[in-house]
$ cat query_15.cif   # mmCIF, C-alpha atoms
data_target
#
loop_
_atom_site.label_atom_id
_atom_site.label_comp_id
_atom_site.auth_asym_id
_atom_site.auth_seq_id
_atom_site.Cartn_x
_atom_site.Cartn_y
_atom_site.Cartn_z
CA MET N 16 0.00 0.00 0.00
CA ALA N 17 1.32 3.39 -0.88
CA THR N 18 -0.34 5.02 2.06
CA HIS N 19 -0.77 3.65 5.51
CA HIS N 20 -4.16 3.07 6.88
CA GLU N 21 -4.68 4.79 10.13
CA HIS N 22 -5.35 2.19 12.73
CA ASP N 23 -6.48 2.77 16.24
CA ILE N 24 -4.73 0.16 18.32
CA ASN N 25 -7.38 0.39 20.96
CA THR N 26 -10.18 -0.63 18.70
CA THR N 27 -11.40 -4.06 19.53
CA GLY N 28 -13.86 -3.97 16.69
CA GLU N 29 -14.19 -6.50 13.94
CA ILE N 30 -11.29 -7.33 11.66
CA PRO N 31 -12.20 -6.76 8.01
CA LYS N 32 -12.59 -9.79 5.75
CA PRO N 33 -9.53 -10.74 3.71
CA GLN N 34 -9.35 -9.55 0.11
CA THR N 35 -7.28 -12.27 -1.50
CA LYS N 36 -8.85 -12.71 -4.93
CA ALA N 37 -6.16 -10.72 -6.78
CA ILE N 38 -3.39 -12.60 -4.94
CA TRP N 39 -4.63 -16.03 -5.96
CA LYS N 40 -5.20 -14.80 -9.50
CA THR N 41 -1.54 -13.71 -9.71
CA PHE N 42 -0.47 -17.06 -8.29
CA PHE N 43 -2.54 -18.85 -10.93
CA ILE N 44 -0.92 -16.76 -13.71
CA LEU N 45 2.59 -17.56 -12.40
CA VAL N 46 1.84 -21.29 -12.25
CA VAL N 47 0.40 -21.31 -15.77
CA LEU N 48 3.40 -19.39 -17.16
CA THR N 49 5.80 -21.86 -15.50
CA ALA N 50 3.80 -24.78 -16.91
CA ILE N 51 4.02 -23.26 -20.41
CA GLU N 52 7.79 -22.95 -19.99
CA PHE N 53 8.03 -26.66 -19.21
CA LEU N 54 5.79 -27.48 -22.15
CA PHE N 55 8.20 -25.67 -24.47
CA ALA N 56 11.22 -27.22 -22.74
CA PHE N 57 10.03 -30.73 -23.61
CA THR N 58 8.27 -30.31 -26.94
CA MET N 59 10.48 -27.87 -28.79
CA GLU N 60 13.99 -28.21 -30.20
CA ALA N 61 16.55 -26.03 -28.46
CA GLY N 62 17.40 -22.90 -30.38
CA THR N 63 17.17 -19.15 -30.55
CA LEU N 64 13.39 -19.15 -30.92
CA ARG N 65 12.85 -21.34 -27.86
CA ASN N 66 15.25 -19.20 -25.83
CA ALA N 67 13.38 -16.07 -26.92
CA ILE N 68 10.09 -17.65 -25.76
CA PHE N 69 11.66 -18.51 -22.40
CA ILE N 70 12.95 -14.98 -21.92
CA ILE N 71 9.62 -13.37 -22.85
CA LEU N 72 7.73 -15.68 -20.45
CA THR N 73 10.29 -14.90 -17.73
CA ILE N 74 9.75 -11.17 -18.21
CA PHE N 75 5.99 -11.72 -17.89
CA LYS N 76 6.52 -13.65 -14.65
CA ALA N 77 8.85 -10.95 -13.35
CA PHE N 78 6.22 -8.33 -14.18
CA TYR N 79 3.54 -10.11 -12.17
CA ILE N 80 5.82 -10.66 -9.16
CA VAL N 81 7.06 -7.07 -9.08
CA ALA N 82 3.79 -5.36 -10.02
CA GLU N 83 1.36 -7.38 -7.91
CA PHE N 84 3.28 -9.17 -5.15
CA MET N 85 5.72 -6.33 -4.52
CA HIS N 86 2.93 -3.87 -5.19
CA LEU N 87 5.04 -1.62 -7.41
CA LYS N 88 2.17 -1.16 -9.87
CA HIS N 89 0.24 0.68 -7.16
CA GLU N 90 3.07 3.00 -6.12
CA THR N 91 3.65 6.50 -7.50
CA LYS N 92 4.93 6.90 -11.04
CA SER N 93 8.20 8.44 -9.88
CA LEU N 94 8.96 5.42 -7.66
CA ILE N 95 8.12 2.99 -10.47
CA TRP N 96 10.49 4.74 -12.86
CA SER N 97 13.30 5.13 -10.35
CA ILE N 98 13.29 1.34 -9.95
CA VAL N 99 12.67 0.27 -13.55
CA LEU N 100 14.85 2.75 -15.42
CA PRO N 101 18.23 1.82 -13.83
CA LEU N 102 17.63 -1.79 -14.86
CA ALA N 103 18.15 -0.69 -18.44
CA LEU N 104 21.84 -0.61 -17.52
CA VAL N 105 21.71 -4.35 -16.82
CA ILE N 106 20.29 -4.98 -20.28
CA TRP N 107 23.05 -2.91 -21.82
CA LEU N 108 25.68 -4.85 -19.85
CA MET N 109 24.11 -8.13 -20.95
CA VAL N 110 24.14 -7.26 -24.65
CA ALA N 111 27.69 -5.88 -24.47
CA LEU N 112 29.23 -8.76 -22.56
CA ILE N 113 27.49 -11.60 -24.39
CA ALA N 114 28.71 -10.11 -27.67
CA GLU N 115 32.16 -10.08 -26.05
CA GLY N 116 31.84 -13.76 -25.10
CA SER N 117 30.83 -14.72 -28.63
CA TYR N 118 33.77 -12.75 -30.02
CA TYR N 119 36.14 -14.57 -27.68
CA TYR N 120 34.79 -17.92 -28.83
CA GLU N 121 35.08 -16.92 -32.48
CA SER N 122 38.66 -15.80 -31.89
CA ILE N 123 39.90 -18.97 -30.24
CA THR N 124 38.16 -21.24 -32.74
CA ASN N 125 39.22 -19.37 -35.89
CA TYR N 126 42.64 -17.89 -35.14
CA PHE N 127 44.35 -20.63 -33.17
CA LYS N 128 43.64 -23.62 -35.35
CA MET G 13 21.16 29.46 31.69
CA SER G 14 19.27 26.58 30.31
CA THR G 15 16.85 26.92 27.54
CA SER G 16 13.85 24.74 27.49
CA THR G 17 13.09 23.05 24.26
CA THR G 18 9.60 22.44 23.17
CA LEU G 19 8.56 19.82 20.67
CA GLU G 20 7.90 21.48 17.39
CA ALA G 21 5.06 20.54 15.15
CA PRO G 22 6.21 18.54 12.08
CA ASN G 23 7.27 20.70 9.19
CA THR G 24 4.77 20.92 6.43
CA GLY G 25 6.50 23.15 3.88
CA THR G 26 7.61 21.60 0.59
CA TRP G 27 11.31 22.24 1.26
CA ASP G 28 11.14 21.57 5.00
CA GLY G 29 10.61 17.86 4.71
CA GLY G 30 6.86 18.13 4.62
CA ASN G 31 6.74 16.79 1.12
CA GLU G 32 6.66 13.07 0.39
CA PRO G 33 7.04 12.81 -3.38
CA LEU G 34 7.23 9.01 -3.58
CA LYS G 35 4.39 8.44 -1.11
CA ALA G 36 6.23 5.58 0.54
CA SER G 37 7.84 5.35 3.95
CA TYR G 38 11.58 5.72 4.46
CA GLY G 39 12.06 2.03 5.27
CA LYS G 40 10.22 0.80 2.23
CA LEU G 41 12.11 3.17 -0.08
CA MET G 42 15.42 1.99 1.30
CA MET G 43 14.39 -1.61 0.82
CA TRP G 44 13.47 -0.86 -2.79
CA PHE G 45 16.81 0.77 -3.53
CA PHE G 46 18.71 -1.98 -1.77
CA LEU G 47 16.86 -4.51 -3.91
CA LEU G 48 17.74 -2.50 -7.01
CA SER G 49 21.44 -2.75 -6.11
CA ASP G 50 21.00 -6.45 -5.38
CA ALA G 51 19.39 -6.87 -8.80
CA PHE G 52 22.61 -5.46 -10.29
CA THR G 53 24.65 -8.06 -8.41
CA PHE G 54 22.50 -10.95 -9.57
CA GLY G 55 22.35 -9.45 -13.05
CA ALA G 56 26.15 -9.43 -13.13
CA PHE G 57 26.25 -13.07 -12.03
CA LEU G 58 23.81 -14.21 -14.70
CA ILE G 59 25.54 -12.13 -17.36
CA THR G 60 28.82 -13.79 -16.36
CA TYR G 61 27.11 -17.12 -16.95
CA GLY G 62 26.03 -15.92 -20.38
CA VAL G 63 29.53 -14.75 -21.26
CA ALA G 64 31.11 -18.02 -20.12
CA ARG G 65 28.56 -19.98 -22.10
CA HIS G 66 29.12 -17.99 -25.27
CA ALA G 67 32.87 -18.29 -24.87
CA HIS G 68 32.62 -22.11 -24.81
CA MET G 69 31.70 -24.50 -27.57
CA PRO G 70 28.03 -25.53 -27.57
CA PHE G 71 27.07 -29.18 -27.99
CA THR G 72 26.14 -29.45 -31.65
CA GLY G 73 24.94 -33.06 -31.98
CA LYS G 74 21.55 -34.53 -31.17
CA ALA G 75 20.38 -34.13 -27.58
CA ALA G 76 19.99 -37.93 -27.30
CA ASP G 77 23.69 -38.46 -28.09
CA PHE G 78 24.84 -35.97 -25.48
CA THR G 79 27.72 -37.02 -23.23
CA PHE G 80 29.51 -35.05 -20.55
CA SER G 81 32.77 -33.52 -21.77
CA THR G 82 35.02 -30.62 -20.85
CA GLU G 83 35.03 -29.75 -24.57
CA TRP G 84 31.54 -28.31 -24.62
CA TRP G 85 29.04 -26.60 -22.34
CA PRO G 86 26.54 -29.16 -20.95
CA ILE G 87 22.83 -29.21 -21.77
CA PRO G 88 21.20 -28.25 -18.41
CA GLU G 89 18.39 -30.82 -18.57
CA LYS G 90 21.02 -33.57 -18.93
CA VAL G 91 22.70 -32.36 -15.73
CA PHE G 92 19.66 -31.61 -13.57
CA ASN G 93 17.60 -34.74 -14.08
CA ALA G 94 17.70 -36.44 -10.68
CA PHE G 95 14.98 -36.63 -8.06
CA PRO G 96 15.36 -37.66 -4.40
CA GLY G 97 14.46 -41.31 -3.88
CA LEU G 98 14.33 -42.08 -7.61
CA HIS G 99 17.90 -43.16 -8.21
CA GLY G 100 19.12 -43.50 -11.78
CA MET G 101 15.91 -42.28 -13.41
CA ASP G 102 16.07 -39.60 -16.08
CA LEU G 103 13.63 -36.92 -14.91
CA PRO G 104 14.81 -33.71 -16.56
CA LEU G 105 14.11 -30.59 -14.52
CA ALA G 106 11.48 -32.35 -12.35
CA PHE G 107 13.13 -31.44 -9.08
CA VAL G 108 13.79 -27.86 -10.09
CA ALA G 109 10.12 -27.58 -11.10
CA LEU G 110 9.16 -28.66 -7.59
CA MET G 111 11.55 -26.08 -6.09
CA THR G 112 10.07 -23.35 -8.30
CA MET G 113 6.56 -24.25 -7.16
CA ILE G 114 7.61 -24.20 -3.50
CA LEU G 115 9.13 -20.73 -3.87
CA ILE G 116 6.13 -19.31 -5.75
CA LEU G 117 3.84 -20.75 -3.05
CA SER G 118 5.97 -19.14 -0.35
CA SER G 119 5.63 -15.82 -2.17
CA VAL G 120 1.84 -16.19 -2.13
CA THR G 121 1.72 -16.97 1.59
CA MET G 122 4.01 -13.97 2.16
CA VAL G 123 1.72 -11.60 0.30
CA LEU G 124 -1.20 -13.05 2.27
CA ALA G 125 0.66 -12.23 5.50
CA VAL G 126 1.17 -8.64 4.30
CA GLU G 127 -2.52 -8.42 3.41
CA ALA G 128 -3.46 -9.67 6.88
CA GLY G 129 -1.12 -7.04 8.34
CA HIS G 130 -3.03 -4.29 6.58
CA ARG G 131 -6.17 -5.53 8.29
CA MET G 132 -4.35 -5.72 11.67
CA ASP G 133 -5.33 -9.37 11.83
CA LYS G 134 -2.64 -10.75 14.13
CA ASN G 135 -3.75 -14.38 13.88
CA ASP G 136 -3.76 -14.38 10.10
CA VAL G 137 -0.32 -12.71 9.98
CA GLN G 138 1.01 -15.46 12.25
CA LYS G 139 -0.59 -18.20 10.20
CA TRP G 140 0.70 -16.98 6.84
CA LEU G 141 4.18 -16.15 8.19
CA LEU G 142 4.42 -19.67 9.53
CA TRP G 143 3.48 -21.11 6.13
CA THR G 144 6.10 -18.89 4.47
CA ILE G 145 8.72 -20.05 6.96
CA PHE G 146 7.74 -23.64 6.24
CA PHE G 147 8.02 -23.26 2.44
CA GLY G 148 11.27 -21.31 2.79
CA ALA G 149 12.81 -24.07 4.90
CA THR G 150 11.59 -26.68 2.40
CA PHE G 151 13.21 -24.78 -0.45
CA LEU G 152 16.50 -24.58 1.43
CA GLY G 153 16.32 -28.31 2.13
CA CYS G 154 15.75 -28.99 -1.57
CA GLN G 155 18.73 -26.85 -2.45
CA ALA G 156 20.90 -28.72 0.05
CA TRP G 157 19.90 -31.99 -1.62
CA GLU G 158 20.58 -30.61 -5.08
CA TRP G 159 24.03 -29.37 -4.07
CA THR G 160 24.87 -32.72 -2.47
CA HIS G 161 23.81 -34.55 -5.61
CA PHE G 162 25.74 -32.14 -7.84
CA ILE G 163 28.91 -32.52 -5.75
CA MET G 164 28.68 -36.32 -5.38
CA GLY G 165 27.89 -36.82 -9.07
CA THR G 166 26.09 -39.55 -11.00
CA ASP G 167 26.98 -43.21 -11.67
CA GLU G 168 27.60 -42.30 -15.31
CA GLY G 169 30.33 -39.74 -14.60
CA MET G 170 32.73 -38.45 -17.22
CA LEU G 171 35.11 -40.76 -19.07
CA LEU G 172 38.59 -39.22 -19.02
CA ALA G 173 41.36 -39.68 -21.60
CA ASP G 174 43.30 -42.04 -19.32
CA GLY G 175 40.33 -44.43 -19.17
CA THR G 176 39.20 -43.54 -15.65
CA THR G 177 35.79 -42.08 -14.82
CA TYR G 178 35.35 -38.87 -12.86
CA HIS G 179 32.30 -38.43 -10.63
CA GLY G 180 30.92 -35.26 -9.15
CA ALA G 181 32.09 -31.68 -9.05
CA ASN G 182 34.36 -29.27 -7.22
CA MET G 183 35.83 -25.87 -7.97
CA THR G 184 38.58 -27.17 -10.23
CA PHE G 185 36.99 -30.09 -12.08
CA ASN G 186 33.56 -31.56 -12.65
CA GLN G 187 31.96 -34.41 -14.56
CA TYR G 188 29.40 -32.21 -16.33
CA GLY G 189 31.50 -29.87 -18.44
CA PRO G 190 34.09 -27.10 -18.29
CA PRO G 191 35.20 -26.11 -14.74
CA LEU G 192 33.39 -22.77 -15.09
CA PHE G 193 30.05 -24.57 -15.31
CA ALA G 194 30.32 -25.95 -11.77
CA ASN G 195 31.86 -22.72 -10.46
CA LEU G 196 28.95 -20.68 -11.75
CA PHE G 197 26.47 -23.22 -10.41
CA PHE G 198 28.00 -22.86 -6.96
CA PHE G 199 28.19 -19.08 -7.09
CA ILE G 200 24.79 -18.31 -8.57
CA THR G 201 22.62 -20.85 -6.74
CA GLY G 202 24.77 -20.40 -3.63
CA PHE G 203 24.35 -16.64 -3.58
CA HIS G 204 20.62 -17.08 -4.15
CA GLY G 205 20.39 -19.71 -1.42
CA PHE G 206 22.24 -17.35 0.93
CA HIS G 207 19.60 -14.71 0.20
CA VAL G 208 16.85 -17.22 0.91
CA PHE G 209 18.53 -18.06 4.21
CA ILE G 210 18.73 -14.38 5.22
CA GLY G 211 15.10 -13.86 4.24
CA TRP G 212 14.12 -16.96 6.19
CA THR G 213 15.93 -15.66 9.30
CA LEU G 214 14.15 -12.30 8.97
CA LEU G 215 10.83 -14.14 8.67
CA VAL G 216 11.50 -16.06 11.87
CA ILE G 217 12.29 -12.79 13.67
CA ALA G 218 9.14 -11.19 12.26
CA PHE G 219 7.11 -14.20 13.38
CA ILE G 220 8.43 -13.96 16.95
CA SER G 221 7.73 -10.20 17.01
CA THR G 222 4.22 -10.78 15.69
CA VAL G 223 3.50 -13.40 18.35
CA ASN G 224 4.79 -11.00 21.02
CA GLY G 225 2.49 -8.31 19.67
CA VAL G 226 5.29 -5.87 18.82
CA TYR G 227 3.74 -4.76 15.52
CA HIS G 228 0.25 -4.65 16.93
CA LYS G 229 1.40 -2.25 19.66
CA ARG G 230 3.24 -0.20 17.02
CA GLY G 231 -0.01 0.18 15.15
CA HIS G 232 1.14 -1.19 11.80
CA TYR G 233 2.73 -4.25 10.25
CA GLU G 234 5.13 -2.40 7.98
CA MET G 235 8.06 -4.59 9.01
CA VAL G 236 6.26 -7.62 7.59
CA GLU G 237 5.73 -5.63 4.40
CA LYS G 238 9.42 -4.74 4.10
CA ILE G 239 10.54 -8.32 4.71
CA GLY G 240 7.88 -9.29 2.19
CA LEU G 241 9.51 -7.07 -0.43
CA TYR G 242 12.81 -8.82 0.19
CA TRP G 243 11.20 -12.26 0.04
CA HIS G 244 9.46 -11.54 -3.27
CA PHE G 245 12.75 -10.32 -4.65
CA VAL G 246 14.34 -13.65 -3.77
CA ASP G 247 11.50 -15.36 -5.65
CA LEU G 248 12.04 -12.99 -8.57
CA VAL G 249 15.73 -13.85 -8.74
CA TRP G 250 14.86 -17.55 -8.75
CA VAL G 251 12.58 -16.98 -11.75
CA PHE G 252 15.59 -15.62 -13.64
CA VAL G 253 18.03 -18.25 -12.35
CA PHE G 254 15.52 -20.91 -13.36
CA THR G 255 15.30 -19.57 -16.92
CA PHE G 256 18.94 -18.78 -17.54
CA PHE G 257 20.54 -21.65 -15.68
CA TYR G 258 18.10 -24.51 -16.07
CA LEU G 259 15.94 -23.89 -19.14
CA ILE G 260 18.15 -22.20 -21.72
#
$ encode --input "query_15.cif" --output "structure tokens"
Amino acid sequence: MATHHEHDINTTGEIPKPQTKAIWKTFFILVVLTAIEFLFAFTMEAGTLRNAIFIILTIFKAFYIVAEFMHLKHETKSLIWSIVLPLALVIWLMVALIAEGSYYYESITNYFK
Amino acid sequence: MSTSTTLEAPNTGTWDGGNEPLKASYGKLMMWFFLLSDAFTFGAFLITYGVARHAHMPFTGKAADFTFSTEWWPIPEKVFNAFPGLHGMDLPLAFVALMTMILILSSVTMVLAVEAGHRMDKNDVQKWLLWTIFFGATFLGCQAWEWTHFIMGTDEGMLLADGTTYHGANMTFNQYGPPLFANLFFFITGFHGFHVFIGWTLLVIAFISTVNGVYHKRGHYEMVEKIGLYWHFVDLVWVFVFTFFYLI
């Protein structure tokens, strides 16, 4: 919750009923996405396409965990962006270094044979 | 001469600290930015895995003909195919699927504890925290088994040039593939497991405090919420470890 509910600790009144529908819905989505990942793992040949499917499904799962479970979706826009934007640096590092790894492999297989 | 100080009313001006642009408490903000920095650390680990994998030869033949060799990077589902109590059976990724389910379930029980905290429902917070502690401990137990199996190795092992067979794994040599494969397995899943352990310890502390009524007296269950953020992050990291280490 972005804002705190004001609670009076002295109240001995009734405790509100739990609102858990959205939580179980998110859980259901995460389970289904994981099941789809396994389906692809066993029915599809390994390759770039399958890896791309895995990564897209992973990003969907990450979205549901961060947005719903960690409640980021319901925070202010400035907080959302201050968390999401710096992660672009990770993507840049990933692209740069994996290209570097491929180059290294190319080098040792082509130049030293 | 002593001057008496009186408690001042909280500042309300925009530049006096009366402004709360992110509409979140100090503790929660700090947890978010800590998790962001932790995401960089895990990101660096997984990227290192990617680099190491791209710098090694992939296995080019048919998956059915795959054998362990230091020449090429192993196919993960050929490495992680064991299940406790089912010795020698080929069950690719079955155990890791179970671990994933346990961690997702623990995330759900955690968010249910946070929800109960918003309603000031002490009994429900206790109940759901206890479930989260249970699933967390189960996950750690699973990881301990997986590590043991990985270190001890399989009956098959790796046939070396001198005709002997090597079983298991350590930091310098392993039966599954290049040394870096085992090193990265230890570092990535180990660092994640360490996070789970820290989160689990925090949960136990939060559970004791809840039982003692600390948060109820305080008037809010924000501590449960902050630990919850950390716990979900650990689940989030596992989602990525699962994809990049076990699936791809």
$ interface_residues --input "query_15.cif" --of "chain N" --to "chain G" --cutoff "8 Å" --atoms "only C-alpha atoms" --output "PDB file with C-alpha atoms, keeping the file's coordinate frame"
ATOM      1  CA  ALA N  17       1.320   3.390  -0.880  1.00  0.00           C
ATOM      2  CA  THR N  18      -0.340   5.020   2.060  1.00  0.00           C
ATOM      3  CA  HIS N  20      -4.160   3.070   6.880  1.00  0.00           C
ATOM      4  CA  HIS N  22      -5.350   2.190  12.730  1.00  0.00           C
ATOM      5  CA  ASP N  23      -6.480   2.770  16.240  1.00  0.00           C
ATOM      6  CA  ILE N  24      -4.730   0.160  18.320  1.00  0.00           C
ATOM      7  CA  ILE N  30     -11.290  -7.330  11.660  1.00  0.00           C
ATOM      8  CA  PRO N  31     -12.200  -6.760   8.010  1.00  0.00           C
ATOM      9  CA  PRO N  33      -9.530 -10.740   3.710  1.00  0.00           C
ATOM     10  CA  GLN N  34      -9.350  -9.550   0.110  1.00  0.00           C
ATOM     11  CA  THR N  35      -7.280 -12.270  -1.500  1.00  0.00           C
ATOM     12  CA  ILE N  38      -3.390 -12.600  -4.940  1.00  0.00           C
ATOM     13  CA  TRP N  39      -4.630 -16.030  -5.960  1.00  0.00           C
ATOM     14  CA  PHE N  42      -0.470 -17.060  -8.290  1.00  0.00           C
ATOM     15  CA  LEU N  45       2.590 -17.560 -12.400  1.00  0.00           C
ATOM     16  CA  VAL N  46       1.840 -21.290 -12.250  1.00  0.00           C
ATOM     17  CA  ALA N  56      11.220 -27.220 -22.740  1.00  0.00           C
ATOM     18  CA  ALA N  61      16.550 -26.030 -28.460  1.00  0.00           C
ATOM     19  CA  ASN N  66      15.250 -19.200 -25.830  1.00  0.00           C
ATOM     20  CA  PHE N  69      11.660 -18.510 -22.400  1.00  0.00           C
ATOM     21  CA  ILE N  70      12.950 -14.980 -21.920  1.00  0.00           C
ATOM     22  CA  THR N  73      10.290 -14.900 -17.730  1.00  0.00           C
ATOM     23  CA  LYS N  76       6.520 -13.650 -14.650  1.00  0.00           C
ATOM     24  CA  ALA N  77       8.850 -10.950 -13.350  1.00  0.00           C
ATOM     25  CA  ILE N  80       5.820 -10.660  -9.160  1.00  0.00           C
ATOM     26  CA  VAL N  81       7.060  -7.070  -9.080  1.00  0.00           C
ATOM     27  CA  PHE N  84       3.280  -9.170  -5.150  1.00  0.00           C
ATOM     28  CA  MET N  85       5.720  -6.330  -4.520  1.00  0.00           C
ATOM     29  CA  GLU N  90       3.070   3.000  -6.120  1.00  0.00           C
ATOM     30  CA  THR N  91       3.650   6.500  -7.500  1.00  0.00           C
ATOM     31  CA  SER N  93       8.200   8.440  -9.880  1.00  0.00           C
ATOM     32  CA  LEU N  94       8.960   5.420  -7.660  1.00  0.00           C
ATOM     33  CA  ILE N  98      13.290   1.340  -9.950  1.00  0.00           C
ATOM     34  CA  LEU N 102      17.630  -1.790 -14.860  1.00  0.00           C
ATOM     35  CA  VAL N 105      21.710  -4.350 -16.820  1.00  0.00           C
ATOM     36  CA  LEU N 108      25.680  -4.850 -19.850  1.00  0.00           C
ATOM     37  CA  MET N 109      24.110  -8.130 -20.950  1.00  0.00           C
ATOM     38  CA  LEU N 112      29.230  -8.760 -22.560  1.00  0.00           C
ATOM     39  CA  ILE N 113      27.490 -11.600 -24.390  1.00  0.00           C
ATOM     40  CA  ALA N 114      28.710 -10.110 -27.670  1.00  0.00           C
ATOM     41  CA  GLU N 115      32.160 -10.080 -26.050  1.00  0.00           C
ATOM     42  CA  GLY N 116      31.840 -13.760 -25.100  1.00  0.00           C
ATOM     43  CA  SER N 117      30.830 -14.720 -28.630  1.00  0.00           C
ATOM     44  CA  TYR N 118      33.770 -12.750 -30.020  1.00  0.00           C
ATOM     45  CA  TYR N 119      36.140 -14.570 -27.680  1.00  0.00           C
ATOM     46  CA  TYR N 120      34.790 -17.920 -28.830  1.00  0.00           C
TER      47      TYR N 120
END
$ residues_near_point --input "query_15.cif" --point "(0.1, -14.2, 14.2)" --cutoff "12 Å" --atoms "all atoms listed in the file" --output "PyMOL selection string"
chain G and resi 125-126+128-129+132-143+216+218-228+233+236
$ residues_around --input "query_15.cif" --residues "region 171-183 of chain G" --least-positions-apart "6" --cutoff "8 Å" --atoms "only C-alpha atoms" --output "VMD selection string"
chain G and resid 161 to 165 191 194 to 195
$ atom_distance --input "query_15.cif" --atom1 "CA of Gly202 (chain G)" --atom2 "CA of Gln155 (chain G)"
8.9 Å
$ axis_aligned_box --input "query_15.cif" --around "region 49-59 of chain N" --padding-each-side "3 Å" --output "lines of an AutoDock Vina configuration file"
center_x = 7.5
center_y = -26.3
center_z = -22.1
size_x = 13.4
size_y = 14.9
size_z = 19.3
$ residues_around --input "query_15.cif" --residues "region 145-153 of chain G" --least-positions-apart "5" --cutoff "8 Å" --atoms "all atoms listed in the file" --output "list of chain:residue names"
G:Met111, G:Ile114, G:Leu115, G:Leu117, G:Ser118, G:Gly205, G:Val208, G:Phe209, G:Trp212, G:Leu215, G:Val216
$ atom_distance --input "query_15.cif" --atom1 "CA of His204 (chain G)" --atom2 "CA of Glu60 (chain N)"
29.1 Å
